[in-house]
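Following: one structure in C-alpha cells, then a few remarks.
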Amino acid sequence: MRRWINTGKDRMSGSGAWGILALIAVWEIGVKVSGIKPYILPAPSRVLISLFQSFPLVMKHTRVTLYESLVGFMAAVVFSFVLALAMDSMPVLKRAMYPILIISQTIPIITVAPLIIIWFGYDLLPKVIIAALVCFFPIAVSFIGGLEAADREMYDLLRSMGASKFQIFRILKLPGAMPSLFSGLKIAAAYSIMGAVIGEWLGAKAGLGEFMRRSMHSFAVDKTFAAILVITLLSLGVFRVITFLEDNLMPWTRFSNIKNE
Amino acid sequence: MNKIEVFEVSSSFEDLPVLDRVSLSAAENRLVSIIGPSGCGKSTLFNIISGLVKPDGGTIYIDGEDYTGKLGRVSYMHQKDLLLPWRTIIDNVCIPLVIQGKSIRDARQKAAPYFSVFGLDGFQDKYPSQLSGGMRQRAALLRAYMFKSDIMLLDEPFGGLDAITKRKMQEWLMGVIRAIRSTILFITHDIDEAIFLSDSIYILSDRPARVRRVFEVDIERPRDNATFTSPKFNHFKKEILEYL
Ligand SMILES: Nc1ncnc2c1ncn2[C@@H]1O[C@H](COP(=O)(O)OP(=O)(O)OP(=O)(O)O)[C@@H](O)[C@H]1O
Ligand SMILES: [Mg+2]
C-alpha cells in the first residue's frame, strides 16, 4: 500500500524549512535594497508586524473562514460518500454519473461562485456551498477510484468463501479504498479554505476573503499579505490534521511505506 | 466413495473451449496433483469446483452430493497469498470465520491454536508486509484451512517462491497434511513437487484441456529428501515427462 501523495510532513521539516527561510530572507533584503513602496510589496517583517497589530480582527475573520470551510468540507465528505457508495453498488449509476462528475469539473468555480452568491445571499451558506463544491470532486473521485481498485482475485477468494456483497465491501473494498480516499481528503481539505475565501471575496460580511478585499481597496497590502499568511497556515493545518488521522487510522502503512524506510 | 468427484466438466469462454469433459476424483485425505501446459484451463477447473464459475456441462460431486456452481463448500488458495495488507496475520486468517458470522474475538480464539501447526507462532500480530514469502504462503494456507478443512484447492501455492524456500515448504506441507487430514487438489508446474507430494497425478492436455493420463504414485510414505533420488521417483519422472 503505497502513498501516492506525499504527506508533506517530511517535506516541511529539515531542509524544507531552510528553503522557506531563505526565500523570506531574499524577499526582506530585496524590498529593503530596492526601496519598493510598501503598498506595492511589503517586506515580510512589515507583514508580521501588521499581523500582530490587527491580530484580534484577523482572528475574528479566521474563525468565520474556518467555520465555512469545515462545514463545507464535512458536507462534501457526506455527499461524496453517499454518491460513491451508490455508484459502487449500482454500476448503471456509475456509468451515468461519472461523465457528469468529470464535466462538472471543467466549469471554473470562479464563474459559478457569483451565481451562488446571487442565489443564496451574503451569509455563510453560499461560502459553505462553494467550499463544498471544490471539495466534492477530489473526495468523490478518489473514493470511487479506491473502491474500484479492489483486487479481482481477492474479490473472488472472498466470494468463494460465501461472503455477501456487504461483507466484501467491509472486508475488502472499504479498507482498500482508504489510502486513495485520504489522498483526496488531503487535497480537499486545503481546497476547502480556498473555496471559502473565494466566496468571501465575492461578497461577504466577514471572513478572511472579505478582510483581504477591504485591505486591498485601502491599499493596506501588508494586511492582505497577513491574511495570505493566515490562509496558508490554515491550509497547512487542515492538511496536517488529515495526515495525522491517516497515519493513525492506517497503522499498517508504517511497515510497507517507502516514506518510512 | 470419493470425497470429491469431477465428472465430465466442460467449459468455455465465449468461443474459446477451455475444458473438454474433464473427469477426476480424489479419495478422502488424498493429495491429487494436476499438471498441464500453461493456459490449458487448470485454474478454470478450480474456479468451477469452488463454484465461482458455472461449467457448460458436467457435475461436481462432493461426498456424493451435487455441488456444481455452489459457492462456499471448498477452500481455495491461489499462487498469490492474497493477504490483506491492512489486517494482521491473525485477522487475515480469521476472515473466513468472520464471514461465517463469528465475532472477531471468537474467531481469533478459534484460529490461535493452529499457528504453531502452521509454523506461524509469534507472528499473529504482524502485518503481511513484515513476513517472508514462505510465511505468507503458510498464512494463506492456514486461512484456507480455517475456511474448510476437509477439501482444499491449492493453485500453485509455491509457484512464486525461490527454490530453497519451495523445497522447505514442500517438506513442511508433507508433515502438515498428516496432521490436518484434508483432501487436497494441487495444481503445479513442478513435476518433482507433484511426485513428491501426490497420491495421484493428472496430466492435462493443451487447451481445451482433457485428461491425458493419470498416475498413481505408489511411493511409500513417509517421504523425505531421499525420495527425490529414489529409482521409483525417477521412473515416474521419466514417464510424466513423456506426456508433457
Ligand atoms: N475470465 C476469463 N475470460 C476469458 N478467458 C479466460 C478467462 N479466464 C481464463 N481465460 C482463458 O482460459 C484459458 C485457461 O485459463 P486458466 O487460467 O484456467 O489456465 P491455467 O491452466 O490456470 O494457466 P496457468 O498455468 O498459466 O495458470 C486461458 O487461455 C485464458 O486466457
Ligand atoms: Mg492458473
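Order determines the names: the first chain of the C-alpha cells is A, the second B, and so forth; residues in each chain are numbered 1 upward, and ligands are numbered 1 upward as they are shown.
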Within 12 Å of chain B, which residues of chain A are there when counting only C-alpha atoms? Please give them as a VMD selection string.
chain A and resid 1 to 2 150 to 179 249 to 257
Report as a ChimeraX atom specification all protein, DNA and RNA residues lying within 8 Å of Gly145 of chain A, evaluated on only C-alpha atoms, omitting residues in the same chain fewer than 3 positions from it.
/A:141-142,148-149,177,180
Could you report the residues within 6 Å of ligand 1, using only C-alpha atoms and all ligand atoms, as a PyMOL selection string?
chain B and resi 13+18+38-44
Dump N, CA and C atoms for the selected residues as a JSON list (two decimals), in the first residue's frame?
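Heads up, here's the output in again_0.json:
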[["chain", "number", "residue", "atom", "x", "y", "z"],
["B", 13, "PHE", "N", -14.89, -19.99, -22.62],
["B", 13, "PHE", "CA", -15.08, -18.54, -22.52],
["B", 13, "PHE", "C", -15.44, -18.04, -23.91],
["B", 18, "VAL", "N", -12.23, -24.36, -23.15],
["B", 18, "VAL", "CA", -11.13, -24.43, -22.18],
["B", 18, "VAL", "C", -11.02, -25.81, -21.57],
["B", 38, "SER", "N", 0.73, -24.37, -19.57],
["B", 38, "SER", "CA", 0.24, -23.06, -19.14],
["B", 38, "SER", "C", -0.95, -22.63, -19.99],
["B", 39, "GLY", "N", -1.99, -22.16, -19.35],
["B", 39, "GLY", "CA", -3.16, -21.66, -20.07],
["B", 39, "GLY", "C", -4.11, -22.74, -20.52],
["B", 40, "CYS", "N", -3.94, -23.99, -20.06],
["B", 40, "CYS", "CA", -4.79, -25.07, -20.56],
["B", 40, "CYS", "C", -6.12, -25.10, -19.84],
["B", 41, "GLY", "N", -6.23, -24.45, -18.69],
["B", 41, "GLY", "CA", -7.53, -24.41, -18.03],
["B", 41, "GLY", "C", -7.55, -24.95, -16.60],
["B", 42, "LYS", "N", -6.37, -25.07, -16.01],
["B", 42, "LYS", "CA", -6.30, -25.63, -14.65],
["B", 42, "LYS", "C", -7.01, -24.74, -13.63],
["B", 43, "SER", "N", -6.69, -23.43, -13.68],
["B", 43, "SER", "CA", -7.32, -22.53, -12.73],
["B", 43, "SER", "C", -8.83, -22.44, -12.97],
["B", 44, "THR", "N", -9.20, -22.52, -14.25],
["B", 44, "THR", "CA", -10.63, -22.52, -14.57],
["B", 44, "THR", "C", -11.32, -23.71, -13.91]]
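In this model, the gap between atom CA of Leu21 of chain A and atom CA of Val47 of chain A comes to 15.0 Å.
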Residues at most 8 Å from Thr183 of chain B, counting only C-alpha atoms, excluding those fewer than 2 positions away in the same chain, as a PyMOL selection string?
chain B and resi 3+26-31+150-152+181+185
Write out the residues from the selection above, keeping N, CA and C atoms, as a short mmCIF file (atom, residue, chain, number, x, y, z; two decimals), in the first residue's frame.
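Printed below is out_33.cif as written:
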data_model
loop_
_atom_site.label_atom_id
_atom_site.label_comp_id
_atom_site.auth_asym_id
_atom_site.auth_seq_id
_atom_site.Cartn_x
_atom_site.Cartn_y
_atom_site.Cartn_z
N LYS B 3 -14.21 -38.59 -2.03
CA LYS B 3 -14.53 -37.35 -1.33
C LYS B 3 -15.02 -36.29 -2.33
N ALA B 26 -10.86 -37.70 -6.16
CA ALA B 26 -9.90 -37.82 -5.07
C ALA B 26 -10.59 -38.47 -3.89
N ALA B 27 -9.94 -39.50 -3.36
CA ALA B 27 -10.47 -40.15 -2.15
C ALA B 27 -10.13 -39.31 -0.94
N GLU B 28 -10.77 -39.60 0.16
CA GLU B 28 -10.59 -38.81 1.37
C GLU B 28 -9.13 -38.80 1.82
N ASN B 29 -8.69 -37.62 2.24
CA ASN B 29 -7.34 -37.41 2.77
C ASN B 29 -6.23 -37.72 1.77
N ARG B 30 -6.55 -37.65 0.51
CA ARG B 30 -5.53 -37.86 -0.51
C ARG B 30 -5.13 -36.53 -1.11
N LEU B 31 -3.92 -36.51 -1.66
CA LEU B 31 -3.47 -35.32 -2.37
C LEU B 31 -3.35 -35.67 -3.85
N ASP B 150 -11.74 -29.82 5.11
CA ASP B 150 -11.79 -31.17 4.52
C ASP B 150 -11.42 -31.20 3.04
N ILE B 151 -11.71 -30.13 2.30
CA ILE B 151 -11.28 -30.09 0.89
C ILE B 151 -10.60 -28.76 0.61
N MET B 152 -9.37 -28.84 0.13
CA MET B 152 -8.65 -27.61 -0.19
C MET B 152 -8.14 -27.67 -1.62
N ARG B 181 -5.30 -33.72 7.97
CA ARG B 181 -6.29 -34.59 7.33
C ARG B 181 -7.24 -33.82 6.41
N LEU B 185 -6.58 -30.90 -3.70
CA LEU B 185 -6.27 -30.85 -5.14
C LEU B 185 -5.19 -29.79 -5.32
#
Tell me which protein, DNA and RNA residues are within 12 Å of Phe158 of chain B, counting only C-alpha atoms, leaving out same-chain ones fewer than 6 positions away, and put them as a compact mmCIF listing (two decimals) with C-alpha atoms, in the first residue's frame.
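Writing done, so here's result30.txt:
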# COMPACT_ATOMS: atom_id res chain seq x y z
CA MET B 77 -5.71 -20.92 -2.22
CA HIS B 78 -4.01 -19.02 -5.03
CA GLN B 79 -0.43 -18.62 -6.11
CA LYS B 80 -0.56 -15.11 -4.71
CA ASP B 81 -1.04 -15.10 -0.95
CA GLY B 133 7.15 -15.07 1.15
CA GLY B 134 7.13 -18.59 2.58
CA MET B 135 5.46 -17.47 5.77
CA ARG B 136 2.84 -15.53 3.87
CA GLN B 137 2.00 -18.67 1.90
CA ARG B 138 1.67 -20.58 5.15
CA ALA B 140 -2.70 -18.10 3.27
CA LEU B 141 -2.87 -21.86 3.65
CA ILE B 164 15.15 -23.37 -1.45
CA THR B 165 12.08 -21.99 0.26
CA LYS B 166 9.94 -24.05 -2.07
CA ARG B 167 11.67 -27.28 -1.09
CA LYS B 168 11.29 -26.43 2.58
CA MET B 169 7.62 -25.68 2.08
CA GLN B 170 7.08 -28.99 0.31
CA GLU B 171 8.57 -30.90 3.22
CA TRP B 172 6.63 -28.79 5.64
CA LEU B 173 3.37 -29.41 3.76
CA PHE B 186 -2.95 -29.34 -6.08
CA ILE B 187 -2.07 -27.50 -9.29
CA THR B 188 1.61 -27.30 -10.06
CA HIS B 189 4.10 -26.86 -12.90
CA ASP B 190 6.77 -28.64 -10.94
CA GLU B 193 6.84 -31.38 -6.44
CA ALA B 194 3.92 -33.34 -7.85
Tell me, which residues of segment 3-167 of chain B carry DSSP alpha helix (DSSP H), written as a ChimeraX atom specification? /B:42-50,89-93,95-99,104-111,114-117,133-147,163-167
Print the selection's residues with N, CA and C atoms to a file, as a short mmCIF file (atom, residue, chain, number, x, y, z; two decimals), in the first residue's frame.
data_model
loop_
_atom_site.label_atom_id
_atom_site.label_comp_id
_atom_site.auth_asym_id
_atom_site.auth_seq_id
_atom_site.Cartn_x
_atom_site.Cartn_y
_atom_site.Cartn_z
N LYS B 42 -6.37 -25.07 -16.01
CA LYS B 42 -6.30 -25.63 -14.65
C LYS B 42 -7.01 -24.74 -13.63
N SER B 43 -6.69 -23.43 -13.68
CA SER B 43 -7.32 -22.53 -12.73
C SER B 43 -8.83 -22.44 -12.97
N THR B 44 -9.20 -22.52 -14.25
CA THR B 44 -10.63 -22.52 -14.57
C THR B 44 -11.32 -23.71 -13.91
N LEU B 45 -10.66 -24.85 -13.94
CA LEU B 45 -11.22 -26.04 -13.30
C LEU B 45 -11.45 -25.78 -11.80
N PHE B 46 -10.48 -25.16 -11.17
CA PHE B 46 -10.63 -24.84 -9.74
C PHE B 46 -11.76 -23.84 -9.52
N ASN B 47 -11.85 -22.86 -10.42
CA ASN B 47 -12.94 -21.89 -10.29
C ASN B 47 -14.30 -22.58 -10.38
N ILE B 48 -14.35 -23.63 -11.19
CA ILE B 48 -15.61 -24.37 -11.33
C ILE B 48 -15.88 -25.20 -10.07
N ILE B 49 -14.84 -25.86 -9.59
CA ILE B 49 -15.04 -26.69 -8.39
C ILE B 49 -15.47 -25.83 -7.20
N SER B 50 -14.87 -24.62 -7.11
CA SER B 50 -15.20 -23.77 -5.97
C SER B 50 -16.56 -23.09 -6.14
N ILE B 89 -1.79 -10.78 10.63
CA ILE B 89 -1.87 -12.15 10.16
C ILE B 89 -3.07 -12.87 10.79
N ILE B 90 -3.24 -12.71 12.09
CA ILE B 90 -4.35 -13.46 12.71
C ILE B 90 -5.69 -12.97 12.17
N ASP B 91 -5.80 -11.67 11.93
CA ASP B 91 -7.08 -11.18 11.42
C ASP B 91 -7.30 -11.57 9.96
N ASN B 92 -6.22 -11.74 9.21
CA ASN B 92 -6.35 -12.29 7.87
C ASN B 92 -6.84 -13.73 7.93
N VAL B 93 -6.21 -14.48 8.82
CA VAL B 93 -6.57 -15.88 8.95
C VAL B 93 -8.03 -16.03 9.40
N ILE B 95 -10.56 -14.21 8.54
CA ILE B 95 -11.56 -13.71 7.59
C ILE B 95 -12.68 -14.73 7.31
N PRO B 96 -12.33 -15.99 7.00
CA PRO B 96 -13.42 -16.93 6.72
C PRO B 96 -14.37 -17.12 7.91
N LEU B 97 -13.83 -17.08 9.11
CA LEU B 97 -14.68 -17.26 10.29
C LEU B 97 -15.60 -16.07 10.47
N VAL B 98 -15.03 -14.86 10.20
CA VAL B 98 -15.85 -13.65 10.31
C VAL B 98 -16.98 -13.69 9.27
N ILE B 99 -16.65 -14.17 8.07
CA ILE B 99 -17.68 -14.28 7.03
C ILE B 99 -18.78 -15.25 7.47
N ILE B 104 -15.03 -11.22 15.83
CA ILE B 104 -13.58 -11.29 15.61
C ILE B 104 -12.88 -11.92 16.82
N ARG B 105 -13.45 -11.71 18.01
CA ARG B 105 -12.82 -12.28 19.21
C ARG B 105 -12.92 -13.80 19.23
N ASP B 106 -14.11 -14.31 18.95
CA ASP B 106 -14.28 -15.76 18.87
C ASP B 106 -13.40 -16.36 17.78
N ALA B 107 -13.36 -15.65 16.65
CA ALA B 107 -12.58 -16.14 15.51
C ALA B 107 -11.11 -16.26 15.88
N ARG B 108 -10.59 -15.22 16.55
CA ARG B 108 -9.18 -15.25 16.95
C ARG B 108 -8.90 -16.43 17.88
N GLN B 109 -9.85 -16.64 18.78
CA GLN B 109 -9.67 -17.73 19.74
C GLN B 109 -9.61 -19.08 19.02
N LYS B 110 -10.46 -19.20 18.01
CA LYS B 110 -10.53 -20.46 17.28
C LYS B 110 -9.27 -20.68 16.43
N ALA B 111 -8.74 -19.58 15.89
CA ALA B 111 -7.59 -19.71 14.98
C ALA B 111 -6.28 -19.89 15.73
N TYR B 114 -3.85 -23.03 15.86
CA TYR B 114 -3.27 -23.55 14.62
C TYR B 114 -1.97 -22.85 14.22
N PHE B 115 -1.66 -21.76 14.90
CA PHE B 115 -0.47 -21.01 14.49
C PHE B 115 0.80 -21.82 14.64
N SER B 116 0.87 -22.65 15.66
CA SER B 116 2.10 -23.44 15.81
C SER B 116 2.14 -24.56 14.77
N VAL B 117 0.98 -25.17 14.48
CA VAL B 117 0.95 -26.22 13.46
C VAL B 117 1.45 -25.69 12.12
N GLY B 133 8.07 -14.48 2.12
CA GLY B 133 7.15 -15.07 1.15
C GLY B 133 6.64 -16.44 1.61
N GLY B 134 7.53 -17.26 2.13
CA GLY B 134 7.13 -18.59 2.58
C GLY B 134 6.13 -18.53 3.72
N MET B 135 6.38 -17.61 4.64
CA MET B 135 5.46 -17.47 5.77
C MET B 135 4.10 -16.97 5.32
N ARG B 136 4.13 -16.05 4.37
CA ARG B 136 2.84 -15.53 3.87
C ARG B 136 2.03 -16.66 3.24
N GLN B 137 2.72 -17.55 2.50
CA GLN B 137 2.00 -18.67 1.90
C GLN B 137 1.43 -19.58 2.98
N ARG B 138 2.19 -19.75 4.05
CA ARG B 138 1.67 -20.58 5.15
C ARG B 138 0.44 -19.94 5.77
N ALA B 139 0.51 -18.61 5.91
CA ALA B 139 -0.65 -17.90 6.47
C ALA B 139 -1.86 -18.05 5.54
N ALA B 140 -1.60 -17.96 4.23
CA ALA B 140 -2.70 -18.10 3.27
C ALA B 140 -3.29 -19.52 3.35
N LEU B 141 -2.40 -20.48 3.55
CA LEU B 141 -2.87 -21.86 3.65
C LEU B 141 -3.68 -22.06 4.93
N LEU B 142 -3.23 -21.44 5.99
CA LEU B 142 -3.97 -21.54 7.25
C LEU B 142 -5.35 -20.89 7.10
N ARG B 143 -5.38 -19.76 6.39
CA ARG B 143 -6.67 -19.11 6.17
C ARG B 143 -7.61 -20.05 5.39
N ALA B 144 -7.05 -20.69 4.36
CA ALA B 144 -7.85 -21.64 3.60
C ALA B 144 -8.34 -22.76 4.51
N TYR B 145 -7.44 -23.22 5.35
CA TYR B 145 -7.78 -24.32 6.26
C TYR B 145 -8.86 -23.91 7.26
N MET B 146 -8.80 -22.66 7.71
CA MET B 146 -9.82 -22.19 8.65
C MET B 146 -11.19 -22.15 7.99
N PHE B 147 -11.19 -21.98 6.67
CA PHE B 147 -12.48 -21.92 5.99
C PHE B 147 -13.12 -23.31 5.90
N ALA B 163 13.70 -21.54 -5.02
CA ALA B 163 13.84 -22.99 -4.99
C ALA B 163 14.04 -23.54 -3.57
N ILE B 164 14.85 -22.85 -2.78
CA ILE B 164 15.15 -23.37 -1.45
C ILE B 164 13.93 -23.29 -0.55
N THR B 165 13.28 -22.14 -0.56
CA THR B 165 12.08 -21.99 0.26
C THR B 165 11.01 -22.97 -0.19
N LYS B 166 10.93 -23.15 -1.50
CA LYS B 166 9.94 -24.05 -2.07
C LYS B 166 10.14 -25.47 -1.53
N ARG B 167 11.38 -25.94 -1.57
CA ARG B 167 11.67 -27.28 -1.09
C ARG B 167 11.30 -27.42 0.39
#
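Picture a line from atom CA of Leu51 of chain A to atom CA of Ala227 of chain A; it runs 7.9 Å.
Straight-line separation from atom CA of Asp63 of chain B to atom CA of Ile4 of chain B: 6.2 Å.
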Report task. Give me the residues within 10 Å of Val78 of chain A as a PyMOL selection string, counting only C-alpha atoms and dropping any in the same chain fewer than 4 places off. Result -> chain A and resi 72-74+82-84+136+139-140
Just to be explicit: take each residue in the selection above, keep N, CA and C atoms, and write the result as a compact mmCIF listing (two decimals), in the first residue's frame.
# COMPACT_ATOMS: atom_id res chain seq x y z
N GLY A 72 -18.30 23.13 4.93
CA GLY A 72 -18.30 22.77 3.51
C GLY A 72 -17.60 21.44 3.28
N PHE A 73 -16.47 21.27 3.95
CA PHE A 73 -15.68 20.03 3.82
C PHE A 73 -16.51 18.84 4.28
N MET A 74 -17.12 18.97 5.46
CA MET A 74 -17.93 17.87 6.00
C MET A 74 -19.08 17.54 5.06
N VAL A 82 -21.99 9.23 0.03
CA VAL A 82 -23.28 8.71 -0.44
C VAL A 82 -23.19 8.38 -1.94
N LEU A 83 -22.63 9.33 -2.69
CA LEU A 83 -22.54 9.13 -4.14
C LEU A 83 -21.64 7.93 -4.45
N ALA A 84 -20.47 7.86 -3.79
CA ALA A 84 -19.53 6.78 -4.08
C ALA A 84 -20.15 5.43 -3.74
N PHE A 136 -15.84 18.51 -3.12
CA PHE A 136 -16.61 17.33 -3.51
C PHE A 136 -15.87 16.46 -4.52
N ILE A 139 -12.73 14.35 -3.34
CA ILE A 139 -13.10 13.29 -2.40
C ILE A 139 -13.86 12.18 -3.13
N ALA A 140 -14.86 12.58 -3.92
CA ALA A 140 -15.68 11.57 -4.60
C ALA A 140 -14.83 10.73 -5.55
Review point. Which of segment 6-238 of chain B counts as strand (DSSP E) under DSSP, as a ChimeraX atom specification please?
Key: /B:6-13,16-26,31-35,57-62,65-66,75-77,151-155,183-187,200-204,211-216
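Taking only C-alpha atoms and all ligand atoms into account, ligand 2 lies nearest to B:Pro157 out of the set B:Pro157, B:Gly58, B:Pro113, B:Gly175.
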**Q.** Who sits within 8 Å of Tyr39 of chain A, only C-alpha atoms, same chain under 2 positions skipped, as a ChimeraX atom specification
**A.** /A:37,41-42,219-222
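Among B:Glu8, B:Asp155, B:Asp125, B:Asp66, the residue with the shortest atom-to-atom distance to ligand 2, counting only C-alpha atoms and all ligand atoms, is B:Asp155.
Minimum atom-to-atom distances from B:Leu153, B:Ile195, B:Ser182, B:Asp162 to ligand 2 were compared using only C-alpha atoms and all ligand atoms, and the lowest value belongs to B:Leu153.
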